[in-house]
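Student: File data-v4.cif below, mmCIF, C-alpha atoms and all ligand atoms:
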data_final
#
loop_
_atom_site.label_atom_id
_atom_site.label_comp_id
_atom_site.auth_asym_id
_atom_site.auth_seq_id
_atom_site.Cartn_x
_atom_site.Cartn_y
_atom_site.Cartn_z
CA MET E 704 13.85 -4.05 18.44
CA ARG E 705 14.22 -2.00 15.27
CA SER E 706 17.72 -0.76 14.58
CA PHE E 707 18.38 2.93 15.20
CA LEU E 708 21.01 3.07 12.46
CA GLY E 709 19.92 5.57 9.83
CA ARG E 710 16.56 6.05 11.52
CA ASP E 711 14.57 9.29 11.66
CA ILE E 712 13.51 10.44 15.14
CA LEU E 713 10.18 12.10 14.35
CA SER E 714 7.67 11.05 17.00
CA LEU E 715 7.40 9.14 20.26
CA LYS E 716 4.12 7.60 19.14
CA ASP E 717 6.01 4.78 17.46
CA PHE E 718 8.63 4.25 20.19
CA GLY E 719 8.55 0.88 21.95
CA ARG E 720 9.46 0.32 25.58
CA ASP E 721 12.65 -1.53 24.62
CA GLU E 722 13.64 1.40 22.40
CA PHE E 723 13.23 3.87 25.25
CA GLU E 724 15.39 1.61 27.39
CA ARG E 725 18.10 1.35 24.71
CA VAL E 726 18.28 5.13 24.29
CA PHE E 727 18.58 5.50 28.09
CA GLN E 728 21.32 2.84 28.31
CA VAL E 729 23.41 4.58 25.68
CA ALA E 730 22.86 7.88 27.50
CA ASP E 731 24.12 6.24 30.72
CA ASP E 732 27.24 5.07 28.87
CA LEU E 733 27.96 8.51 27.39
CA LYS E 734 27.07 10.62 30.41
CA PRO E 735 30.60 10.60 31.93
CA ILE E 736 31.94 12.35 28.80
CA ALA E 737 29.55 15.27 29.26
CA ARG E 738 29.93 15.28 33.04
CA ASP E 739 33.72 15.49 32.74
CA ARG E 740 33.48 18.11 29.96
CA ARG E 741 35.50 15.92 27.63
CA ASN E 742 35.34 15.52 23.87
CA THR E 743 35.82 12.14 22.17
CA ASP E 744 36.35 11.07 18.56
CA THR E 745 33.31 8.75 18.48
CA LEU E 746 31.69 10.61 15.58
CA ALA E 747 34.84 12.06 14.01
CA GLY E 748 34.25 12.51 10.29
CA LYS E 749 30.46 12.92 10.70
CA THR E 750 28.59 16.19 10.27
CA LEU E 751 25.42 17.42 11.97
CA LEU E 752 23.36 19.96 10.04
CA THR E 753 20.93 22.09 12.07
CA ALA E 754 18.01 23.55 10.13
CA PHE E 755 16.05 25.64 12.64
CA TYR E 756 13.14 27.68 11.27
CA GLN E 757 12.06 28.81 14.74
CA PRO E 758 13.96 30.31 17.68
CA SER E 759 15.70 27.95 20.09
CA THR E 760 18.24 28.22 22.87
CA ARG E 761 18.39 24.76 24.42
CA THR E 762 17.45 22.29 21.71
CA ARG E 763 19.72 23.61 19.02
CA LEU E 764 22.72 24.32 21.23
CA SER E 765 22.47 21.08 23.21
CA THR E 766 22.30 19.10 19.96
CA GLU E 767 25.32 20.98 18.64
CA ALA E 768 27.13 20.56 21.99
CA ALA E 769 26.40 16.82 21.84
CA MET E 770 27.96 16.58 18.39
CA HIS E 771 31.04 18.48 19.57
CA ARG E 772 31.37 16.17 22.60
CA LEU E 773 31.38 13.23 20.19
CA GLY E 774 34.02 14.77 17.93
CA GLY E 775 31.78 15.51 14.94
CA HIS E 776 31.34 18.66 12.86
CA VAL E 777 28.37 21.04 13.00
CA LEU E 778 26.90 23.45 10.49
CA GLY E 779 23.56 25.15 10.11
CA PHE E 780 21.83 28.36 9.23
CA SER E 781 21.65 30.98 11.92
CA ASP E 782 18.39 32.47 10.64
CA ALA E 783 15.98 30.76 8.24
CA LYS E 784 15.04 34.21 6.89
CA MET E 785 18.53 34.41 5.43
CA THR E 786 18.03 31.21 3.42
CA ARG E 787 16.01 30.78 0.22
CA ALA E 788 13.25 29.19 2.30
CA GLY E 789 12.79 32.52 4.02
CA ASP E 790 13.05 34.97 1.14
CA PHE E 791 11.21 35.65 -2.12
CA TYR E 792 11.49 32.03 -3.28
CA GLN E 793 9.89 30.43 -0.18
CA GLU E 794 11.81 27.29 -1.16
CA SER E 795 9.91 24.11 -0.36
CA ILE E 796 10.82 21.55 2.29
CA LYS E 797 11.26 19.04 -0.52
CA ASP E 798 13.81 21.08 -2.45
CA THR E 799 15.60 22.29 0.66
CA PHE E 800 16.11 18.88 2.27
CA HIS E 801 16.82 17.11 -1.02
CA MET E 802 19.85 19.37 -1.08
CA LEU E 803 20.75 19.56 2.62
CA GLU E 804 21.30 15.80 2.72
CA TYR E 805 24.47 16.36 0.70
CA TYR E 806 25.82 18.74 3.33
CA GLY E 807 25.53 16.59 6.45
CA ASP E 808 25.19 13.03 7.76
CA VAL E 809 22.29 13.82 10.09
CA ILE E 810 19.84 16.74 10.09
CA ALA E 811 18.19 18.31 13.14
CA ILE E 812 15.12 20.38 12.19
CA ARG E 813 12.81 22.68 14.11
CA HIS E 814 9.89 24.07 12.12
CA PHE E 815 6.71 26.04 12.77
CA GLN E 816 4.60 23.65 10.64
CA GLN E 817 3.43 20.43 12.24
CA GLY E 818 4.67 17.56 10.09
CA ALA E 819 7.53 19.47 8.44
CA PRO E 820 10.22 17.08 9.84
CA ALA E 821 8.32 14.08 8.46
CA GLU E 822 8.10 15.80 5.09
CA ALA E 823 11.84 16.60 5.26
CA ALA E 824 12.59 12.95 6.07
CA LYS E 825 10.87 11.89 2.86
CA TRP E 826 13.39 13.83 0.82
CA ALA E 827 16.61 13.31 2.81
CA SER E 828 18.31 9.93 2.86
CA VAL E 829 20.20 10.80 6.06
CA PRO E 830 18.50 10.61 9.51
CA VAL E 831 16.23 13.53 10.35
CA ILE E 832 15.66 14.47 14.01
CA ASN E 833 12.52 16.40 14.92
CA CYS E 834 13.54 19.20 17.29
CA GLY E 835 9.98 20.55 17.57
CA ASP E 836 7.33 20.97 14.85
CA GLY E 837 4.62 23.55 15.43
CA TRP E 838 2.08 22.18 17.91
CA GLY E 839 3.13 18.65 16.90
CA GLU E 840 5.84 16.90 18.91
CA HIS E 841 9.18 17.46 20.62
CA PRO E 842 10.63 13.95 20.94
CA THR E 843 14.21 14.81 21.94
CA GLN E 844 12.98 17.02 24.79
CA VAL E 845 10.67 14.36 26.14
CA LEU E 846 13.33 11.64 25.85
CA THR E 847 15.47 13.99 27.94
CA ASP E 848 12.64 14.41 30.45
CA LEU E 849 11.94 10.70 30.79
CA TYR E 850 15.65 9.99 31.13
CA THR E 851 15.82 12.58 33.91
CA ILE E 852 12.88 10.99 35.75
CA ARG E 853 14.46 7.53 35.40
CA CYS E 854 17.75 8.86 36.79
CA GLU E 855 16.13 10.80 39.64
CA LEU E 856 13.36 8.39 40.72
CA GLY E 857 14.87 5.12 39.45
CA THR E 858 11.86 4.15 37.32
CA LEU E 859 9.20 5.42 34.96
CA ASP E 860 6.62 2.88 36.14
CA GLY E 861 4.17 3.17 38.98
CA LEU E 862 4.27 6.96 38.90
CA THR E 863 1.65 9.69 38.70
CA TYR E 864 2.56 12.47 36.30
CA VAL E 865 0.79 15.80 36.83
CA LEU E 866 1.11 17.74 33.58
CA VAL E 867 0.43 21.47 33.96
CA GLY E 868 0.18 24.01 31.16
CA ASP E 869 -0.99 24.34 27.58
CA MET E 870 -2.06 20.86 26.46
CA ARG E 871 -1.63 21.82 22.81
CA MET E 872 2.12 21.97 23.38
CA ARG E 873 4.37 19.62 21.48
CA THR E 874 6.02 18.37 24.68
CA MET E 875 2.61 17.45 26.11
CA HIS E 876 1.83 15.43 22.99
CA SER E 877 5.15 13.58 23.06
CA ILE E 878 5.04 12.76 26.76
CA LEU E 879 1.47 11.46 26.62
CA TYR E 880 2.35 9.24 23.66
CA ALA E 881 5.42 8.00 25.57
CA LEU E 882 3.45 7.19 28.72
CA SER E 883 1.55 4.58 26.71
CA GLN E 884 4.63 2.38 27.18
CA PHE E 885 4.79 2.65 30.98
CA ASP E 886 2.65 1.81 34.00
CA ALA E 887 1.76 5.47 34.45
CA GLU E 888 -1.17 7.69 35.28
CA ALA E 889 -1.31 11.25 33.97
CA ILE E 890 -3.37 14.08 35.40
CA VAL E 891 -3.55 16.96 32.92
CA VAL E 892 -4.20 20.49 34.16
CA GLY E 893 -4.66 23.33 31.71
CA PRO E 894 -7.01 26.16 30.77
CA PRO E 895 -10.16 24.96 28.97
CA GLU E 896 -9.17 26.81 25.80
CA MET E 897 -5.81 25.00 25.85
CA SER E 898 -7.11 21.53 26.62
CA LEU E 899 -6.30 18.30 24.78
CA LEU E 900 -7.85 18.30 21.32
CA PRO E 901 -10.57 15.66 20.68
CA GLU E 902 -8.57 13.93 17.95
CA PHE E 903 -5.56 13.69 20.26
CA LYS E 904 -7.73 12.29 23.06
CA ALA E 905 -8.97 9.64 20.63
CA GLU E 906 -5.36 8.67 19.91
CA LEU E 907 -4.56 8.44 23.62
CA ASP E 908 -7.60 6.24 24.15
CA ALA E 909 -6.49 4.00 21.28
CA LEU E 910 -3.06 3.71 22.94
CA ASN E 911 -4.63 2.88 26.34
CA VAL E 912 -2.99 5.90 28.00
CA VAL E 913 -4.37 6.33 31.51
CA TYR E 914 -5.14 10.00 32.10
CA ARG E 915 -7.73 12.31 33.57
CA GLU E 916 -8.29 16.05 33.37
CA ALA E 917 -8.31 18.42 36.35
CA GLY E 918 -8.98 22.13 36.62
CA ASP E 919 -6.51 23.28 39.26
CA VAL E 920 -3.00 22.08 40.12
CA ARG E 921 -3.69 22.92 43.79
CA ASP E 922 -6.27 20.08 43.86
CA VAL E 923 -3.99 17.36 42.49
CA ILE E 924 -0.38 18.24 43.30
CA GLU E 925 -0.42 15.95 46.34
CA GLU E 926 -0.79 12.97 43.97
CA ALA E 927 2.24 13.88 41.85
CA ASP E 928 5.46 11.93 41.72
CA VAL E 929 6.37 14.09 38.74
CA ILE E 930 5.18 17.66 38.14
CA TYR E 931 5.72 18.43 34.46
CA MET E 932 5.24 22.07 33.53
CA GLU E 933 4.86 24.31 30.50
CA PRO E 934 3.68 27.93 30.32
CA VAL E 935 0.11 28.89 29.54
CA VAL E 936 1.25 32.42 28.69
CA GLN E 937 3.28 31.72 25.61
CA ALA E 938 4.01 32.14 21.94
CA ASP E 939 2.07 30.70 19.01
CA TYR E 940 4.12 27.65 18.08
CA ALA E 941 2.68 27.66 14.57
CA ALA E 942 4.38 31.02 13.87
CA SER E 943 7.95 31.22 12.62
CA ARG E 944 8.73 33.81 15.26
CA GLU E 945 6.78 35.80 17.80
CA GLU E 946 8.12 38.82 19.62
CA ARG E 947 6.57 39.98 22.85
CA LYS E 948 4.55 43.18 22.50
CA GLY E 949 3.66 45.11 25.65
CA GLU E 950 2.80 43.54 28.96
CA THR E 951 2.05 39.84 29.24
CA ALA E 952 -0.87 38.44 31.18
CA LEU E 953 -0.23 36.77 34.51
CA THR E 954 -0.65 33.00 34.75
CA PRO E 955 -3.85 32.15 36.65
CA PRO E 956 -3.15 30.51 40.05
CA GLU E 957 -4.71 27.23 38.84
CA TYR E 958 -1.57 26.66 36.71
CA VAL E 959 1.16 28.07 38.97
CA VAL E 960 3.41 25.95 41.19
CA THR E 961 4.82 28.00 44.06
CA ARG E 962 7.25 27.16 46.81
CA GLU E 963 4.42 27.50 49.33
CA LEU E 964 2.21 25.06 47.43
CA LEU E 965 5.06 22.55 47.30
CA ARG E 966 5.71 22.96 51.02
CA ASP E 967 2.05 22.55 51.98
CA LYS E 968 0.87 19.83 49.59
CA ALA E 969 3.55 18.06 47.52
CA MET E 970 4.97 14.68 48.42
CA ARG E 971 8.52 14.96 49.71
CA HIS E 972 10.01 12.97 46.84
CA SER E 973 8.09 14.67 44.03
CA ILE E 974 10.17 16.32 41.32
CA ILE E 975 9.46 19.24 38.98
CA LEU E 976 10.50 19.27 35.34
CA HIS E 977 10.15 22.21 32.99
CA SER E 978 11.63 22.20 29.50
CA LEU E 979 12.06 26.00 29.71
CA PRO E 980 11.82 28.86 28.90
CA ARG E 981 9.43 29.71 31.73
CA MET E 982 7.14 32.60 32.40
CA ASP E 983 5.58 33.21 35.85
CA GLU E 984 4.06 29.71 36.21
CA LEU E 985 7.21 28.55 38.01
CA PRO E 986 8.62 31.30 40.25
CA ALA E 987 12.40 31.47 40.51
CA ASP E 988 12.34 30.80 44.26
CA VAL E 989 11.27 27.20 43.50
CA ASP E 990 14.80 26.71 42.13
CA ALA E 991 16.16 26.40 45.66
CA THR E 992 13.73 23.65 46.71
CA ARG E 993 14.51 19.92 46.74
CA HIS E 994 11.79 19.37 44.10
CA GLN E 995 13.64 21.22 41.34
CA ARG E 996 15.13 19.01 38.62
CA TYR E 997 15.03 21.33 35.59
CA TRP E 998 18.71 22.17 35.74
CA VAL E 999 19.73 18.52 35.73
CA GLU E 1000 17.16 18.13 32.94
CA ALA E 1001 19.09 20.81 31.00
CA PHE E 1002 22.36 18.90 31.48
CA ASN E 1003 20.67 15.67 30.43
CA GLY E 1004 19.59 17.42 27.24
CA VAL E 1005 23.17 17.20 26.00
CA VAL E 1006 23.53 13.58 27.15
CA MET E 1007 20.30 12.52 25.44
CA ARG E 1008 21.27 14.13 22.14
CA MET E 1009 24.67 12.39 22.38
CA SER E 1010 22.80 9.12 22.73
CA LEU E 1011 20.52 9.79 19.76
CA LEU E 1012 23.32 10.97 17.47
CA SER E 1013 25.41 7.90 18.38
CA LEU E 1014 22.52 5.56 17.68
CA VAL E 1015 21.32 6.99 14.37
CA LEU E 1016 24.88 7.34 13.07
CA GLY E 1017 25.85 3.80 14.07
CA ALA E 1018 28.39 4.53 16.81
CA ALA E 1019 26.16 2.55 19.21
CA GLU E 1020 24.04 -0.45 18.23
N1 LIG N 1101 12.98 23.32 25.69
C1 LIG N 1101 13.16 23.88 24.48
O1 LIG N 1101 12.69 23.36 23.45
O2 LIG N 1101 13.87 25.04 24.52
P1 LIG N 1101 14.32 25.88 23.26
O3 LIG N 1101 13.07 26.42 22.60
O4 LIG N 1101 15.21 26.97 23.81
O5 LIG N 1101 15.05 24.98 22.32
#
Is it possible to give me this structure as structure tokens?

Tutor:
Amino acid sequence: MRSFLGRDILSLKDFGRDEFERVFQVADDLKPIARDRRNTDTLAGKTLLTAFYQPSTRTRLSTEAAMHRLGGHVLGFSDAKMTRAGDFYQESIKDTFHMLEYYGDVIAIRHFQQGAPAEAAKWASVPVINCGDGWGEHPTQVLTDLYTIRCELGTLDGLTYVLVGDMRMRTMHSILYALSQFDAEAIVVGPPEMSLLPEFKAELDALNVVYREAGDVRDVIEEADVIYMEPVVQADYAASREERKGETALTPPEYVVTRELLRDKAMRHSIILHSLPRMDELPADVDATRHQRYWVEAFNGVVMRMSLLSLVLGAAE
């Protein structure tokens, strides 16, 4: 297994099964710290720098919370528009990250351009963690999701994953890459105009990912061990920021999971994950059902980022 020390976390396409397992083991070891709301000195003397060029609630704050739990320092810009990358100069990724590496020991970046974290990693000698790049990937979220499934169902193998939502989403890309390492079948359900792109399908075929497409979650939910959701009514992830204007469209019923649908068709043990934020595709009354796991997924987001920070900074082998 390749060492995690000093490594960039950019994509799940190049993650091996043993590497997933190692990240999960370290998360298991560190989980009691987060559960007990303790802070340790594991990463004392280390600094996390967050460079977020797009809005975030969970990813940024859970990464920062993870660093605090491990006793490290955190700094970052609150609004990219208030940096030189966001003003008249439109400072390049190269110049920005060449410099940011002197300010921190690990950099977490979210950017609206696909590939920006990989470009940043070329110019920073410290580890760079992709916290979402345009329509590209969202590896830390999907590591959180897989860890949650492993904790809740005991395995990632032998499961059917029904993925519902916009298939251009970065989480959908990362999870489908990741499933190449497990005995898994995916059923993808999304609007035709938001379906998997041909070049991405070719990659999945090359990785032997087992998947099929379906048109309506109501036709396939009974097969799901895991129901993995994203909105279809959502922002353009290639934009730096998008504010809602006026009324939003309703999600078509083909991509909505209701409490009634779960009651009538889902297997008793099936679980629902949603990286959040949600729109109307997952009504709030589902929260009170036994299928809901998105709040434990949110907690695991801190645990997973603790694991990744420990590994890339050498506190865990
Ligand atoms: N799940 C997720 O990426 O949420 P944020 O956009 O709030 O970080």

Student: Env of range 952-968 of chain E: 10 Å cut, atoms = all atoms listed in the file, seq-sep filter 4 positions within chain, self excluded. Answer as a PDB file with C-alpha atoms, in the coordinates of the input.

Tutor:
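Writing done, so here's result.pdb:
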ATOM      1  CA  LEU E 866       1.110  17.740  33.580  1.00  0.00           C
ATOM      2  CA  VAL E 867       0.430  21.470  33.960  1.00  0.00           C
ATOM      3  CA  GLY E 868       0.180  24.010  31.160  1.00  0.00           C
ATOM      4  CA  ASP E 869      -0.990  24.340  27.580  1.00  0.00           C
ATOM      5  CA  VAL E 892      -4.200  20.490  34.160  1.00  0.00           C
ATOM      6  CA  GLY E 893      -4.660  23.330  31.710  1.00  0.00           C
ATOM      7  CA  PRO E 894      -7.010  26.160  30.770  1.00  0.00           C
ATOM      8  CA  ALA E 917      -8.310  18.420  36.350  1.00  0.00           C
ATOM      9  CA  GLY E 918      -8.980  22.130  36.620  1.00  0.00           C
ATOM     10  CA  ASP E 919      -6.510  23.280  39.260  1.00  0.00           C
ATOM     11  CA  VAL E 920      -3.000  22.080  40.120  1.00  0.00           C
ATOM     12  CA  ARG E 921      -3.690  22.920  43.790  1.00  0.00           C
ATOM     13  CA  ASP E 922      -6.270  20.080  43.860  1.00  0.00           C
ATOM     14  CA  VAL E 923      -3.990  17.360  42.490  1.00  0.00           C
ATOM     15  CA  ILE E 924      -0.380  18.240  43.300  1.00  0.00           C
ATOM     16  CA  GLU E 925      -0.420  15.950  46.340  1.00  0.00           C
ATOM     17  CA  GLU E 926      -0.790  12.970  43.970  1.00  0.00           C
ATOM     18  CA  ALA E 927       2.240  13.880  41.850  1.00  0.00           C
ATOM     19  CA  ILE E 930       5.180  17.660  38.140  1.00  0.00           C
ATOM     20  CA  MET E 932       5.240  22.070  33.530  1.00  0.00           C
ATOM     21  CA  GLU E 933       4.860  24.310  30.500  1.00  0.00           C
ATOM     22  CA  PRO E 934       3.680  27.930  30.320  1.00  0.00           C
ATOM     23  CA  VAL E 935       0.110  28.890  29.540  1.00  0.00           C
ATOM     24  CA  VAL E 936       1.250  32.420  28.690  1.00  0.00           C
ATOM     25  CA  GLN E 937       3.280  31.720  25.610  1.00  0.00           C
ATOM     26  CA  SER E 973       8.090  14.670  44.030  1.00  0.00           C
ATOM     27  CA  ILE E 975       9.460  19.240  38.980  1.00  0.00           C
ATOM     28  CA  MET E 982       7.140  32.600  32.400  1.00  0.00           C
ATOM     29  CA  ASP E 983       5.580  33.210  35.850  1.00  0.00           C
ATOM     30  CA  GLU E 984       4.060  29.710  36.210  1.00  0.00           C
ATOM     31  CA  LEU E 985       7.210  28.550  38.010  1.00  0.00           C
ATOM     32  CA  PRO E 986       8.620  31.300  40.250  1.00  0.00           C
ATOM     33  CA  ALA E 987      12.400  31.470  40.510  1.00  0.00           C
ATOM     34  CA  ASP E 988      12.340  30.800  44.260  1.00  0.00           C
ATOM     35  CA  VAL E 989      11.270  27.200  43.500  1.00  0.00           C
ATOM     36  CA  ASP E 990      14.800  26.710  42.130  1.00  0.00           C
ATOM     37  CA  ALA E 991      16.160  26.400  45.660  1.00  0.00           C
ATOM     38  CA  THR E 992      13.730  23.650  46.710  1.00  0.00           C
ATOM     39  CA  ARG E 993      14.510  19.920  46.740  1.00  0.00           C
ATOM     40  CA  HIS E 994      11.790  19.370  44.100  1.00  0.00           C
TER      41      HIS E 994
END

Student: As number ranges by chain, please: every protein or nucleic acid residue near ligand LIG 1101 (chain N) (cut-off 8 Å, counting all atoms listed in the file).

Tutor: E: 758-764, 834-835, 841, 844, 977-980

Student: When you draw a straight line from CA of Gly837 in chain E to CA of Arg705 in chain E, how long is it in Å?

Tutor: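 So the two atoms, CA of Gly837 in chain E and CA of Arg705 in chain E, lie 27.3 Å apart.
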
Student: Between E:Val929, E:Leu1016, E:Val1005, E:Leu715, which has the minimum distance to Tyr880 in chain E (counting all atoms listed in the file)?

Tutor: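 Among the listed residues, the smallest separation from Tyr880 in chain E belongs to E:Leu715.
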
Student: Find the smallest box with edges along x, y and z containing every listed atom of range 987-992 of chain E, then add 6 Å on each side and report centre and edge lengths in Å to one decimal, as lines of an AutoDock Vina configuration file.

Tutor:
center_x = 13.7
center_y = 27.6
center_z = 43.6
size_x = 16.9
size_y = 19.8
size_z = 18.2

Student: So, counting only C-alpha atoms, which residue among E:Arg725, E:Lys734, E:Arg710, E:His876 is closest to Ile810 in chain E?

Tutor: E:Arg710

Student: CA of Ala1019 in chain E and CA of Phe707 in chain E are how many Å apart?

Tutor: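 A separation of 8.8 Å between them.
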
Student: Hey, which of E:Tyr864, E:Tyr940, E:Phe885, E:Trp838 ends up closest to Leu976 in chain E? Count all atoms listed in the file.

Tutor: E:Tyr864

Student: Please, which residues are within 8 Å of (9.0, 7.7, 29.1) by the file's coordinates, counting all atoms listed in the file, and could they come as a PyMOL selection string?

Tutor: chain E and resi 723+845-846+848-850+859+878+881-882+884-885

Student: Could you jot down the CA of Ala788 in chain E to CA of Ser943 in chain E separation for me, Å, one decimal place?

Tutor: 11.8 Å

Student: Using only C-alpha atoms, which of the listed residues (E:Thr786, E:Thr858, E:Thr766, E:Ser795) sits closest to Trp826 in chain E?

Tutor: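 Of E:Thr786, E:Thr858, E:Thr766, E:Ser795, the one nearest Trp826 in chain E is E:Ser795, counting only C-alpha atoms.
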
Student: Within 9 Å of Ala889 in chain E, counting all atoms listed in the file, which residues qualify if same-chain residues fewer than 5 places away don't, as number ranges by chain?

Tutor: E: 862-866, 879, 882, 912-916

Student: Dump as a list of chain:residue names all residues having an atom at most 8 Å from (10.3, 20.5, 15.2), computed in the file's coordinates with all atoms listed in the file.

Tutor: E:Ile812, E:Arg813, E:His814, E:Phe815, E:Gln816, E:Gln817, E:Ala819, E:Pro820, E:Asn833, E:Cys834, E:Gly835, E:Asp836, E:Gly837, E:Gly839, E:Glu840, E:His841

Student: Find the residue from E:Ile796, E:Leu856, E:Met970, E:Leu746 that sits nearest to Asp808 in chain E; use all atoms listed in the file when measuring.

Tutor: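 The answer is E:Leu746, which sits nearest to Asp808 in chain E.
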
Student: I'd like to know which of E:Gly818, E:Gly779, E:Gly748, E:Gly789 is closest to Leu803 in chain E, using only C-alpha atoms.

Tutor: E:Gly779
